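K.L.:
For reference, the file my_file00.tsv (TSV, C-alpha atoms) is included below:
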```tsv
chain	number	residue	atom	x	y	z
A	1	MET	CA	0.00	0.00	0.00
A	2	VAL	CA	1.38	3.40	-1.03
A	3	PHE	CA	0.26	6.40	1.05
A	4	SER	CA	0.61	10.07	0.17
A	5	SER	CA	0.38	11.02	3.86
A	6	SER	CA	2.73	9.77	6.54
A	7	LEU	CA	0.20	10.69	9.25
A	8	LEU	CA	-2.26	8.34	7.59
A	9	GLU	CA	0.38	5.68	6.98
A	10	ASN	CA	1.56	5.67	10.61
A	11	ALA	CA	-1.99	5.40	11.93
A	12	VAL	CA	-2.78	2.53	9.54
A	13	ASN	CA	0.42	0.73	10.54
A	14	GLU	CA	-0.46	1.07	14.23
A	15	PHE	CA	-3.94	-0.41	13.73
A	16	ALA	CA	-2.50	-3.18	11.55
A	17	LYS	CA	-0.35	-4.32	14.49
A	18	LEU	CA	-3.50	-5.41	16.32
A	19	PRO	CA	-4.37	-9.12	16.06
A	20	GLY	CA	-6.72	-9.99	13.21
A	21	ILE	CA	-6.53	-6.48	11.68
A	22	GLY	CA	-4.98	-6.42	8.20
A	23	LYS	CA	-3.85	-3.35	6.27
A	24	LYS	CA	-7.15	-2.86	4.45
A	25	THR	CA	-9.21	-3.15	7.63
A	26	ALA	CA	-6.79	-0.79	9.38
A	27	LEU	CA	-7.24	1.74	6.58
A	28	ARG	CA	-11.03	1.47	6.87
A	29	LEU	CA	-10.82	2.12	10.63
A	30	VAL	CA	-8.50	5.11	10.23
A	31	LEU	CA	-10.66	6.66	7.49
A	32	HIS	CA	-13.64	6.21	9.79
A	33	LEU	CA	-11.81	8.08	12.57
A	34	ILE	CA	-10.89	10.89	10.16
A	35	LYS	CA	-14.61	11.41	9.54
A	36	GLN	CA	-15.36	11.68	13.27
A	37	ASP	CA	-15.17	14.87	15.33
A	38	ALA	CA	-11.65	15.59	16.58
A	39	GLY	CA	-12.99	15.51	20.14
A	40	GLU	CA	-14.31	11.99	19.75
A	41	VAL	CA	-11.00	10.74	18.40
A	42	THR	CA	-9.13	12.43	21.25
A	43	TYR	CA	-11.49	10.68	23.66
A	44	PHE	CA	-10.81	7.36	21.89
A	45	SER	CA	-7.03	7.71	22.14
A	46	ASP	CA	-7.12	9.09	25.69
A	47	THR	CA	-9.32	6.20	26.84
A	48	ILE	CA	-6.91	3.62	25.41
A	49	ALA	CA	-3.82	5.36	26.84
A	50	LYS	CA	-5.43	5.83	30.29
A	51	MET	CA	-6.58	2.21	30.33
A	52	ARG	CA	-3.08	0.88	29.64
A	53	GLU	CA	-1.44	3.23	32.15
A	54	GLU	CA	-3.85	2.71	35.02
A	55	ILE	CA	-5.04	-0.87	34.64
A	56	LYS	CA	-3.94	-3.22	37.39
A	57	PHE	CA	-4.15	-6.90	38.13
A	58	CYS	CA	-5.94	-7.76	41.35
A	59	SER	CA	-3.33	-8.75	43.94
A	60	ARG	CA	-5.59	-11.55	45.16
A	61	CYS	CA	-7.27	-13.15	42.13
A	62	HIS	CA	-5.18	-11.74	39.21
A	63	ASN	CA	-8.30	-10.45	37.50
A	64	ILE	CA	-8.05	-7.15	35.67
A	65	SER	CA	-8.88	-4.29	37.98
A	66	ASP	CA	-9.02	-0.51	38.42
A	67	THR	CA	-7.77	-0.85	41.98
A	68	GLN	CA	-5.28	-3.00	43.89
A	69	LEU	CA	-8.08	-5.37	44.94
A	70	CYS	CA	-10.65	-5.97	42.19
A	71	ASN	CA	-14.27	-5.09	42.88
A	72	ILE	CA	-15.31	-8.75	42.81
A	73	CYS	CA	-12.84	-9.63	45.59
A	74	ALA	CA	-13.75	-6.46	47.48
A	75	ASN	CA	-17.49	-7.16	47.30
A	76	HIS	CA	-18.50	-8.59	50.67
A	77	SER	CA	-21.94	-9.63	49.44
A	78	ARG	CA	-20.25	-12.29	47.28
A	79	LYS	CA	-19.54	-15.72	48.73
A	80	GLN	CA	-15.86	-15.45	49.57
A	81	GLU	CA	-15.68	-19.16	50.39
A	82	MET	CA	-16.63	-20.22	46.85
A	83	LEU	CA	-13.70	-19.92	44.44
A	84	CYS	CA	-14.00	-20.30	40.68
A	85	VAL	CA	-10.71	-21.08	38.88
A	86	VAL	CA	-10.53	-19.83	35.28
A	87	GLU	CA	-7.89	-19.67	32.58
A	88	ASN	CA	-8.09	-15.97	31.74
A	89	ILE	CA	-9.90	-12.66	32.11
A	90	ARG	CA	-12.24	-13.36	29.17
A	91	ASP	CA	-13.60	-16.33	31.14
A	92	VAL	CA	-14.32	-14.09	34.15
A	93	ILE	CA	-16.26	-11.74	31.87
A	94	ALA	CA	-18.15	-14.67	30.30
A	95	ILE	CA	-19.16	-16.11	33.69
A	96	GLU	CA	-20.02	-12.67	35.14
A	97	SER	CA	-22.23	-12.04	32.11
A	98	THR	CA	-24.37	-15.07	33.04
A	99	GLN	CA	-25.12	-13.34	36.40
A	100	GLN	CA	-25.44	-16.84	37.89
A	101	PHE	CA	-22.26	-17.04	39.95
A	102	ASN	CA	-21.94	-15.20	43.23
A	103	GLY	CA	-18.55	-16.39	44.45
A	104	ILE	CA	-15.05	-15.08	43.71
A	105	TYR	CA	-12.40	-15.98	41.12
A	106	HIS	CA	-8.82	-17.02	40.61
A	107	VAL	CA	-7.31	-16.31	37.18
A	108	LEU	CA	-4.56	-18.79	36.28
A	109	GLY	CA	-3.29	-16.68	33.38
A	110	GLY	CA	-3.15	-19.70	31.10
A	111	ILE	CA	-3.37	-23.46	31.17
A	112	ILE	CA	-0.79	-26.24	31.52
A	113	SER	CA	0.29	-27.06	27.97
A	114	PRO	CA	3.70	-28.73	27.65
A	115	LEU	CA	3.51	-28.58	23.83
A	116	ASP	CA	3.35	-24.77	24.05
A	117	GLY	CA	6.03	-24.75	26.73
A	118	ILE	CA	3.62	-23.67	29.46
A	119	GLY	CA	4.25	-25.41	32.76
A	120	PRO	CA	2.64	-24.91	36.19
A	121	GLU	CA	5.37	-22.47	37.29
A	122	GLN	CA	4.32	-19.94	34.61
A	123	LEU	CA	0.75	-19.88	35.93
A	124	ASN	CA	-0.81	-18.39	39.06
A	125	ILE	CA	-0.99	-21.83	40.71
A	126	ASP	CA	1.26	-21.20	43.73
A	127	SER	CA	-0.79	-18.16	44.68
A	128	LEU	CA	-3.96	-20.27	44.31
A	129	VAL	CA	-2.64	-22.92	46.71
A	130	GLN	CA	-1.57	-20.20	49.16
A	131	ARG	CA	-5.06	-18.66	48.98
A	132	ILE	CA	-6.73	-22.00	49.75
A	133	HIS	CA	-4.53	-22.44	52.80
A	134	LYS	CA	-5.01	-18.86	53.98
A	135	GLU	CA	-8.62	-18.14	53.09
A	136	ASN	CA	-11.73	-19.88	54.32
A	137	THR	CA	-12.38	-21.55	50.93
A	138	ARG	CA	-15.00	-24.30	51.06
A	139	GLU	CA	-15.41	-25.08	47.36
A	140	ILE	CA	-13.18	-24.71	44.31
A	141	ILE	CA	-15.02	-24.79	40.98
A	142	PHE	CA	-12.78	-25.39	37.98
A	143	ALA	CA	-14.24	-23.58	34.97
A	144	LEU	CA	-11.56	-24.54	32.44
A	145	ASN	CA	-12.07	-25.41	28.80
A	146	PRO	CA	-12.96	-29.10	28.47
A	147	ASN	CA	-9.88	-30.38	26.66
A	148	ILE	CA	-6.70	-32.27	27.51
A	149	GLN	CA	-4.88	-29.15	28.75
A	150	GLY	CA	-7.83	-28.20	30.93
A	151	ASP	CA	-8.09	-31.71	32.39
A	152	THR	CA	-4.32	-31.80	33.01
A	153	THR	CA	-4.50	-28.49	34.86
A	154	VAL	CA	-7.45	-29.66	37.00
A	155	TYR	CA	-5.58	-32.88	37.80
A	156	TYR	CA	-2.32	-31.08	38.67
A	157	ILE	CA	-3.97	-28.56	41.00
A	158	SER	CA	-6.20	-31.19	42.62
A	159	LYS	CA	-3.09	-33.22	43.48
A	160	LYS	CA	-1.43	-30.14	44.98
A	161	LEU	CA	-4.47	-29.70	47.22
A	162	LYS	CA	-4.52	-33.29	48.47
A	163	GLY	CA	-5.28	-33.38	52.17
A	164	VAL	CA	-6.82	-29.90	52.19
A	165	SER	CA	-10.44	-30.09	53.30
A	166	VAL	CA	-12.05	-28.32	50.37
A	167	LYS	CA	-14.71	-29.51	47.94
A	168	ILE	CA	-13.36	-29.57	44.38
A	169	THR	CA	-15.79	-29.52	41.46
A	170	THR	CA	-15.69	-28.72	37.76
A	171	ILE	CA	-18.37	-27.18	35.58
A	172	ALA	CA	-20.57	-29.76	33.89
A	173	ARG	CA	-19.48	-31.04	30.50
A	174	GLY	CA	-22.33	-32.01	28.27
A	175	ILE	CA	-24.31	-31.14	25.24
A	176	ALA	CA	-24.65	-27.38	24.83
A	177	PHE	CA	-28.11	-25.87	25.09
A	178	GLY	CA	-29.58	-25.89	21.59
A	179	GLY	CA	-26.96	-28.41	20.46
A	180	GLU	CA	-27.66	-31.54	18.42
A	181	LEU	CA	-27.07	-34.86	20.16
A	182	GLU	CA	-26.13	-36.65	16.94
A	183	TYR	CA	-23.36	-34.17	16.15
A	184	ALA	CA	-21.77	-34.24	19.61
A	185	ASP	CA	-18.33	-35.91	19.78
A	186	GLU	CA	-18.14	-39.28	21.52
A	187	MET	CA	-16.15	-37.97	24.48
A	188	THR	CA	-18.72	-35.27	25.26
A	189	LEU	CA	-21.64	-37.64	24.82
A	190	ALA	CA	-20.00	-40.31	26.97
A	191	LYS	CA	-19.28	-37.78	29.74
A	192	SER	CA	-22.77	-36.36	29.58
A	193	ILE	CA	-24.18	-39.87	30.07
A	194	SER	CA	-21.87	-40.89	32.90
A	195	ASN	CA	-22.43	-37.54	34.66
A	196	ARG	CA	-26.19	-37.66	34.18
A	197	ILE	CA	-28.24	-35.72	36.70
A	198	PRO	CA	-31.62	-36.46	38.29
A	199	VAL	CA	-34.41	-34.80	36.36
A	200	GLU	CA	-35.75	-33.03	39.45
A	201	HIS	CA	-32.41	-31.18	39.88
A	202	TYR	CA	-32.41	-30.26	36.23
A	203	ILE	CA	-35.95	-28.86	36.34
A	204	ASN	CA	-35.21	-26.93	39.54
A	205	ASP	CA	-32.09	-25.43	37.92
A	206	SER	CA	-34.08	-24.20	34.99
A	207	ASN	CA	-36.45	-22.27	37.22
B	1	MET	CA	-20.92	-8.25	28.80
B	2	VAL	CA	-20.25	-7.56	32.49
B	3	PHE	CA	-16.87	-6.01	33.34
B	4	SER	CA	-15.24	-5.77	36.73
B	5	SER	CA	-13.09	-2.83	35.57
B	6	SER	CA	-14.44	0.42	34.19
B	7	LEU	CA	-11.07	1.21	32.56
B	8	LEU	CA	-11.41	-2.03	30.60
B	9	GLU	CA	-15.08	-1.44	29.87
B	10	ASN	CA	-14.50	2.09	28.54
B	11	ALA	CA	-11.67	0.95	26.28
B	12	VAL	CA	-13.78	-1.95	24.93
B	13	ASN	CA	-16.70	0.42	24.28
B	14	GLU	CA	-14.43	2.81	22.37
B	15	PHE	CA	-13.09	0.04	20.12
B	16	ALA	CA	-16.61	-1.33	19.62
B	17	LYS	CA	-17.65	2.03	18.11
B	18	LEU	CA	-15.38	1.34	15.13
B	19	PRO	CA	-17.11	-0.10	12.06
B	20	GLY	CA	-17.09	-3.90	11.87
B	21	ILE	CA	-15.74	-4.28	15.43
B	22	GLY	CA	-18.13	-6.03	17.80
B	23	LYS	CA	-17.82	-6.26	21.57
B	24	LYS	CA	-15.95	-9.57	21.56
B	25	THR	CA	-13.43	-8.38	18.97
B	26	ALA	CA	-13.03	-5.11	20.89
B	27	LEU	CA	-12.28	-7.08	24.06
B	28	ARG	CA	-9.69	-9.16	22.22
B	29	LEU	CA	-7.97	-6.00	20.94
B	30	VAL	CA	-7.96	-4.34	24.36
B	31	LEU	CA	-6.60	-7.46	26.09
B	32	HIS	CA	-3.88	-7.55	23.42
B	33	LEU	CA	-2.95	-3.93	24.21
B	34	ILE	CA	-2.83	-4.70	27.94
B	35	LYS	CA	-0.18	-7.32	27.21
B	36	GLN	CA	1.98	-4.83	25.27
B	37	ASP	CA	4.57	-2.49	26.77
B	38	ALA	CA	3.03	0.74	28.10
B	39	GLY	CA	5.29	2.69	25.74
B	40	GLU	CA	3.94	0.90	22.69
B	41	VAL	CA	0.34	1.60	23.68
B	42	THR	CA	1.17	5.25	24.31
B	43	TYR	CA	2.70	5.37	20.83
B	44	PHE	CA	-0.45	3.75	19.41
B	45	SER	CA	-2.79	6.29	21.03
B	46	ASP	CA	-0.50	9.27	20.30
B	47	THR	CA	-0.26	8.27	16.64
B	48	ILE	CA	-4.05	8.11	16.29
B	49	ALA	CA	-4.60	11.42	18.11
B	50	LYS	CA	-1.85	13.20	16.15
B	51	MET	CA	-3.20	11.84	12.87
B	52	ARG	CA	-6.70	13.15	13.55
B	53	GLU	CA	-5.46	16.55	14.76
B	54	GLU	CA	-2.97	17.23	11.99
B	55	ILE	CA	-4.43	15.54	8.94
B	56	LYS	CA	-5.52	17.88	6.16
B	57	PHE	CA	-7.27	17.63	2.86
B	58	CYS	CA	-5.27	18.87	-0.11
B	59	SER	CA	-6.66	22.25	-1.18
B	60	ARG	CA	-6.25	21.28	-4.82
B	61	CYS	CA	-7.22	17.61	-5.21
B	62	HIS	CA	-9.01	16.91	-1.87
B	63	ASN	CA	-6.72	13.95	-1.21
B	64	ILE	CA	-5.69	13.30	2.38
B	65	SER	CA	-2.49	15.15	3.16
B	66	ASP	CA	0.05	16.14	5.81
B	67	THR	CA	0.35	19.59	4.26
B	68	GLN	CA	-1.91	22.15	2.59
B	69	LEU	CA	-0.93	20.82	-0.83
B	70	CYS	CA	-0.58	17.03	-0.91
B	71	ASN	CA	2.74	15.57	-1.94
B	72	ILE	CA	1.28	14.15	-5.16
B	73	CYS	CA	0.12	17.61	-6.30
B	74	ALA	CA	3.39	19.17	-5.11
B	75	ASN	CA	5.53	16.63	-6.97
B	76	HIS	CA	6.73	18.33	-10.17
B	77	SER	CA	8.03	15.09	-11.66
B	78	ARG	CA	4.41	13.91	-11.99
B	79	LYS	CA	2.46	14.78	-15.12
B	80	GLN	CA	0.38	17.72	-13.93
B	81	GLU	CA	-1.63	17.71	-17.16
B	82	MET	CA	-2.97	14.19	-16.59
B	83	LEU	CA	-5.80	14.17	-14.06
B	84	CYS	CA	-7.29	11.01	-12.57
B	85	VAL	CA	-10.76	11.44	-11.06
B	86	VAL	CA	-11.58	9.05	-8.22
B	87	GLU	CA	-14.40	8.58	-5.76
B	88	ASN	CA	-12.42	8.55	-2.53
B	89	ILE	CA	-9.05	8.40	-0.81
B	90	ARG	CA	-8.98	4.61	-0.75
B	91	ASP	CA	-9.00	4.68	-4.54
B	92	VAL	CA	-5.99	7.02	-4.60
B	93	ILE	CA	-4.14	4.58	-2.34
B	94	ALA	CA	-5.17	1.64	-4.54
B	95	ILE	CA	-3.95	3.33	-7.75
B	96	GLU	CA	-0.76	4.63	-6.15
B	97	SER	CA	-0.02	1.09	-5.00
B	98	THR	CA	0.06	-0.09	-8.65
B	99	GLN	CA	2.92	2.40	-9.28
B	100	GLN	CA	1.64	2.67	-12.85
B	101	PHE	CA	0.11	6.13	-12.81
B	102	ASN	CA	2.29	9.21	-12.90
B	103	GLY	CA	-0.33	11.96	-13.13
B	104	ILE	CA	-2.29	13.74	-10.43
B	105	TYR	CA	-5.70	13.17	-8.84
B	106	HIS	CA	-9.03	14.73	-8.08
B	107	VAL	CA	-11.01	13.14	-5.24
B	108	LEU	CA	-14.76	13.61	-5.69
B	109	GLY	CA	-15.56	12.59	-2.13
B	110	GLY	CA	-18.34	10.30	-3.31
B	111	ILE	CA	-20.36	9.45	-6.36
B	112	ILE	CA	-23.67	10.68	-7.75
B	113	SER	CA	-26.31	8.45	-6.21
B	114	PRO	CA	-29.85	9.89	-6.10
B	115	LEU	CA	-31.10	6.87	-4.12
B	116	ASP	CA	-28.68	7.77	-1.31
B	117	GLY	CA	-29.51	11.45	-1.66
B	118	ILE	CA	-26.08	12.31	-3.07
B	119	GLY	CA	-26.25	14.83	-5.87
B	120	PRO	CA	-23.47	16.61	-7.80
B	121	GLU	CA	-23.52	19.60	-5.43
B	122	GLN	CA	-22.35	17.44	-2.48
B	123	LEU	CA	-19.29	16.30	-4.42
B	124	ASN	CA	-16.09	18.09	-5.41
B	125	ILE	CA	-17.32	18.54	-8.99
B	126	ASP	CA	-17.34	22.35	-9.18
B	127	SER	CA	-13.74	22.48	-8.04
B	128	LEU	CA	-12.91	19.83	-10.66
B	129	VAL	CA	-14.45	21.93	-13.44
B	130	GLN	CA	-12.61	25.02	-12.14
B	131	ARG	CA	-9.34	23.08	-12.13
B	132	ILE	CA	-9.82	21.98	-15.75
B	133	HIS	CA	-10.43	25.58	-16.81
B	134	LYS	CA	-7.52	26.96	-14.77
B	135	GLU	CA	-4.91	24.24	-15.10
B	136	ASN	CA	-3.24	22.97	-18.22
B	137	THR	CA	-5.12	19.63	-18.09
B	138	ARG	CA	-4.86	17.60	-21.28
B	139	GLU	CA	-6.46	14.37	-20.17
B	140	ILE	CA	-9.01	13.40	-17.54
B	141	ILE	CA	-9.06	9.73	-16.61
B	142	PHE	CA	-12.17	8.62	-14.77
B	143	ALA	CA	-11.27	5.81	-12.35
B	144	LEU	CA	-14.69	5.27	-10.81
B	145	ASN	CA	-16.28	2.01	-9.78
B	146	PRO	CA	-17.91	0.41	-12.84
B	147	ASN	CA	-21.53	0.55	-11.80
B	148	ILE	CA	-24.56	2.71	-12.53
B	149	GLN	CA	-23.56	5.46	-10.08
B	150	GLY	CA	-20.07	5.56	-11.55
B	151	ASP	CA	-21.41	5.75	-15.10
B	152	THR	CA	-23.86	8.51	-14.11
B	153	THR	CA	-21.05	10.52	-12.56
B	154	VAL	CA	-18.82	10.11	-15.65
B	155	TYR	CA	-21.71	11.17	-17.87
B	156	TYR	CA	-22.60	14.18	-15.71
B	157	ILE	CA	-19.06	15.51	-15.51
B	158	SER	CA	-18.41	14.86	-19.23
B	159	LYS	CA	-21.47	16.98	-20.07
B	160	LYS	CA	-20.23	19.77	-17.79
B	161	LEU	CA	-16.94	19.75	-19.70
B	162	LYS	CA	-18.52	19.90	-23.15
B	163	GLY	CA	-16.60	22.32	-25.37
B	164	VAL	CA	-13.47	22.16	-23.21
B	165	SER	CA	-10.57	20.83	-25.26
B	166	VAL	CA	-9.54	17.99	-23.00
B	167	LYS	CA	-9.32	14.29	-23.70
B	168	ILE	CA	-11.70	12.36	-21.46
B	169	THR	CA	-11.06	8.67	-20.80
B	170	THR	CA	-12.11	6.04	-18.32
B	171	ILE	CA	-10.19	3.10	-16.99
B	172	ALA	CA	-10.83	-0.10	-18.92
B	173	ARG	CA	-13.44	-2.49	-17.70
B	174	GLY	CA	-11.00	-5.04	-16.47
B	175	ILE	CA	-12.96	-4.96	-13.26
B	176	ALA	CA	-16.19	-6.95	-13.21
B	177	PHE	CA	-19.39	-4.94	-13.32
B	178	GLY	CA	-20.57	-4.35	-9.77
B	179	GLY	CA	-17.04	-4.84	-8.39
B	180	GLU	CA	-15.26	-2.58	-5.93
B	181	LEU	CA	-12.21	-0.70	-7.14
B	182	GLU	CA	-10.38	-0.83	-3.83
B	183	TYR	CA	-10.48	-4.64	-3.68
B	184	ALA	CA	-9.17	-5.18	-7.22
B	185	ASP	CA	-5.76	-6.82	-7.49
B	186	GLU	CA	-2.94	-4.50	-8.55
B	187	MET	CA	-2.39	-6.16	-11.94
B	188	THR	CA	-6.01	-5.71	-13.00
B	189	LEU	CA	-6.04	-2.15	-11.76
B	190	ALA	CA	-2.74	-1.33	-13.51
B	191	LYS	CA	-3.98	-2.81	-16.80
B	192	SER	CA	-7.26	-0.95	-16.57
B	193	ILE	CA	-5.31	2.30	-16.31
B	194	SER	CA	-2.92	1.60	-19.20
B	195	ASN	CA	-5.82	0.42	-21.41
B	196	ARG	CA	-8.04	3.40	-20.70
B	197	ILE	CA	-10.48	4.27	-23.50
B	198	PRO	CA	-12.03	7.55	-24.72
B	199	VAL	CA	-15.43	8.15	-23.14
B	200	GLU	CA	-17.23	8.39	-26.50
B	201	HIS	CA	-16.13	4.80	-27.28
B	202	TYR	CA	-17.10	3.75	-23.79
B	203	ILE	CA	-20.62	5.18	-24.05
B	204	ASN	CA	-21.03	3.63	-27.51
B	205	ASP	CA	-19.84	0.28	-26.13
B	206	SER	CA	-22.48	0.34	-23.44
B	207	ASN	CA	-25.26	0.90	-25.93
```
Please express the file's structure as structure tokens.
P.N.:
Amino acid sequence: MVFSSSLLENAVNEFAKLPGIGKKTALRLVLHLIKQDAGEVTYFSDTIAKMREEIKFCSRCHNISDTQLCNICANHSRKQEMLCVVENIRDVIAIESTQQFNGIYHVLGGIISPLDGIGPEQLNIDSLVQRIHKENTREIIFALNPNIQGDTTVYYISKKLKGVSVKITTIARGIAFGGELEYADEMTLAKSISNRIPVEHYINDSN
Amino acid sequence: MVFSSSLLENAVNEFAKLPGIGKKTALRLVLHLIKQDAGEVTYFSDTIAKMREEIKFCSRCHNISDTQLCNICANHSRKQEMLCVVENIRDVIAIESTQQFNGIYHVLGGIISPLDGIGPEQLNIDSLVQRIHKENTREIIFALNPNIQGDTTVYYISKKLKGVSVKITTIARGIAFGGELEYADEMTLAKSISNRIPVEHYINDSN
């Protein structure tokens, strides 16, 4: 792409550094911004800069936060004894968006994946174990993606917590709501049969 | 989407205002920026803000520019008597990228489209006609998208220039009818410029 303006070119190059944004998309975004009021664009760039400068990671659960302790950890109306372990911040947002979980979180910052060179020491596992020992945790819910890496991580942490009197659960694996039974993979279908639940629980959950 | 950080939420909302960027994509982009060095993100936001504040439109051809006169118009090694008329800035970038055209441009800022309420008076057509009368233009090449709006615009401007001794051509129809100029590959676009045809042939061809 040949530009007659270096201001335009620099802005396009900056957008094109973002994941999934190619040069043509970047150009479309920049030309959109040129059409906006200068004030709106200043607000856009200020918001991004301020976010990056001021954002913190919660010292307790490693979630993204405006303050040293995130507002989920700091919220005393949430069940502090129920701890949900997730891979990353996107998972916290996904679970919070369901508005069904009233406990607190622990963000691992990844998942054990030897093929990608990610071992337990790169993740927030030590701080999780310390929390369990220190805090009054009664249940740990693993909400990790249902794959080999997720299962490995659940297994590794569960072993680390052997002897600690805490209930350890994982989110149910089964057929997604609206999914087709015949297209489910065998592993999922098998697990959903072996982990079947009494119909009265299921009906009560729905209400 | 429920966020535990308003810094994060504001940044996601700003990205989600961009065309074609939904909330989930916006979140992915913001989380990417959080992982980058603070200096890089500052550079990103400064580049965008500076671009919007300092960008100008060339007083002669309406192309995007760092200066009052764009560096295509100001370049005396380009053929100032050969004028390429395009719909928008993206088209200038597309043609410049072929490195096959050595004349100058005139950006209409749109195309005559009565259905969208865009008439000749909203476009840079008067300034085009003034340029032709004032400058030593010997050839006008219309490089508009080959569709009904493009044809209407060519026809309208050609009529306005009746009696002016200037050669009027349009780029060859190497591009499929209904196609978008900016997405054409460089080879097709380059050939369509070198094989440009006089408008009277072009109009006869259509009939």
K.L.:
For chain B, which residue among A:Asn88, A:Asn145, A:Asn124, A:Thr47 is the nearest when counting all atoms listed in the file?
P.N.:
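Checking each of A:Asn88, A:Asn145, A:Asn124, A:Thr47 against chain B, counting all atoms listed in the file, the winner is A:Thr47.
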K.L.:
Tell me which protein, DNA and RNA residues are within 7 Å of Lys23 in chain A, counting all atoms listed in the file, leaving out same-chain ones fewer than 4 positions away, and put them as a VMD selection string.
P.N.:
chain A and resid 12 16 27
K.L.:
So the first atom is CA of Pro198 in chain A and the second is CA of Gly174 in chain A; what is the distance between them in Å, to one decimal place?
P.N.:
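About the pair CA of Pro198 in chain A and CA of Gly174 in chain A: they are 14.4 Å apart.
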K.L.:
Nearest to chain A: which of B:Asp126, B:Ile157, B:Gly150, B:Glu186 is it, counting only C-alpha atoms?
P.N.:
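Of all the options, B:Glu186 lies closest to chain A.
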K.L.:
Could you work out which residues of chain A fall inside 6 Å of chain B? Count only C-alpha atoms, and format the result as a PyMOL selection string.
P.N.:
chain A and resi 1-3+5+7+11+14+34+42+44-45+47-49+51-52+65-66+93+96-97
K.L.:
Would you mind listing what lies within 12 Å of Lys162 in chain B as a list in words, with all atoms listed in the file counted and same-chain residues fewer than 5 positions away left out?
P.N.:
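Once the nearby chain positions are removed, what remains is Val129, Ile132, His133, Tyr155, Tyr156, Ile157, Lys167 and Ile168 of chain B.
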